[in-house]
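Heads up: the structure comes next, in structure tokens.
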Amino acid sequence: MDNQMSNPVVIMLINMTIVFAVLFLLSLFIRFIHFIDPTKPRTKKKTHPTAAPAKPKKAAPAKAAPAAPVVAPGISGETVAAIAGALAAYGVGFSQIKAIRPAERRSWAGAARIRGLRNDR
């Protein structure tokens, strides 16, 4: 007797159908959760008065340009540009940078770091 379920193509089609059906049901469940989300802030219905005239908006005060970061002496403009580019790639705006200066290094910490990197053992 030849069993129809031993055909790998039929088994694959059945399994893929089940997987995609479950994925579709999960997507519907997620949409339903988003629809009834209790943490979503409630929006108030806006009622527009028909008789009251709209008030003219006041001009916003001009914003001052963001202050440039303090750069320590001895740091080249190329280094500042590289640091700003790296931080921009990370998602930090240039206006958030307060200062650019070399990191403080203690001689004992540097000696321990170098000793740890050596492979003299």
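By order in the structure tokens, chains are A, B, ...; within a chain, residues start at 1; ligands start at 1, following the order shown.
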
Contacts of segment 81-85 of chain A at 12 Å (only C-alpha atoms; same-chain gap of 3+ positions) as a PDB file with C-alpha atoms, in the first residue's frame:
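And here's out-v9.pdb as it stands now:
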```
ATOM      1  CA  ALA A  68      28.984  75.425  20.211  1.00  0.00           C
ATOM      2  CA  PRO A  69      30.718  72.857  22.411  1.00  0.00           C
ATOM      3  CA  VAL A  71      36.848  72.342  22.532  1.00  0.00           C
ATOM      4  CA  ILE A  75      42.258  69.171  19.364  1.00  0.00           C
ATOM      5  CA  SER A  76      42.118  69.636  15.604  1.00  0.00           C
ATOM      6  CA  GLY A  77      39.025  70.486  13.630  1.00  0.00           C
ATOM      7  CA  GLU A  78      39.213  67.102  11.912  1.00  0.00           C
ATOM      8  CA  ALA A  88      25.444  61.873  14.861  1.00  0.00           C
ATOM      9  CA  ALA A  89      25.549  58.277  13.623  1.00  0.00           C
ATOM     10  CA  TYR A  90      24.733  57.185  17.178  1.00  0.00           C
ATOM     11  CA  GLY A  91      21.773  59.601  17.249  1.00  0.00           C
ATOM     12  CA  VAL A  92      23.175  62.408  19.395  1.00  0.00           C
ATOM     13  CA  GLY A  93      22.659  65.916  18.043  1.00  0.00           C
ATOM     14  CA  PHE A  94      25.588  68.330  17.867  1.00  0.00           C
ATOM     15  CA  SER A  95      23.678  70.731  20.110  1.00  0.00           C
ATOM     16  CA  GLN A  96      23.778  68.115  22.901  1.00  0.00           C
ATOM     17  CA  ILE A  97      27.591  68.051  23.019  1.00  0.00           C
ATOM     18  CA  LYS A  98      28.817  70.191  25.893  1.00  0.00           C
ATOM     19  CA  ALA A  99      32.598  69.831  25.577  1.00  0.00           C
ATOM     20  CA  ILE A 100      35.252  67.916  23.673  1.00  0.00           C
ATOM     21  CA  ARG A 101      38.361  67.225  25.708  1.00  0.00           C
ATOM     22  CA  PRO A 102      40.818  64.377  26.169  1.00  0.00           C
TER      23      PRO A 102
END
```

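The space separating atom CA of Asn15 of chain A from atom CA of His34 of chain A comes to 28.8 Å.
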
(message) Can you measure atom CA of Ile33 of chain A to atom CA of Phe20 of chain A for me? One decimal in Å is fine.
(response) 19.8 Å

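One distance worth recording is that between atom CA of Pro73 of chain A and atom CA of Trp108 of chain A, which is 25.0 Å.
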
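Assigned to helix (DSSP H, G or I) in segment 80-114 of chain A, given DSSP computed from backbone atoms, are A:Val80, A:Ala81, A:Ala82, A:Ile83, A:Ala84, A:Gly85, A:Ala86, A:Leu87, A:Ala88, A:Ala89, A:Tyr90, A:Phe94, A:Ser95, A:Gln96, A:Ser107, A:Trp108, A:Ala109, A:Gly110, A:Ala111, A:Ala112, A:Arg113, A:Ile114.
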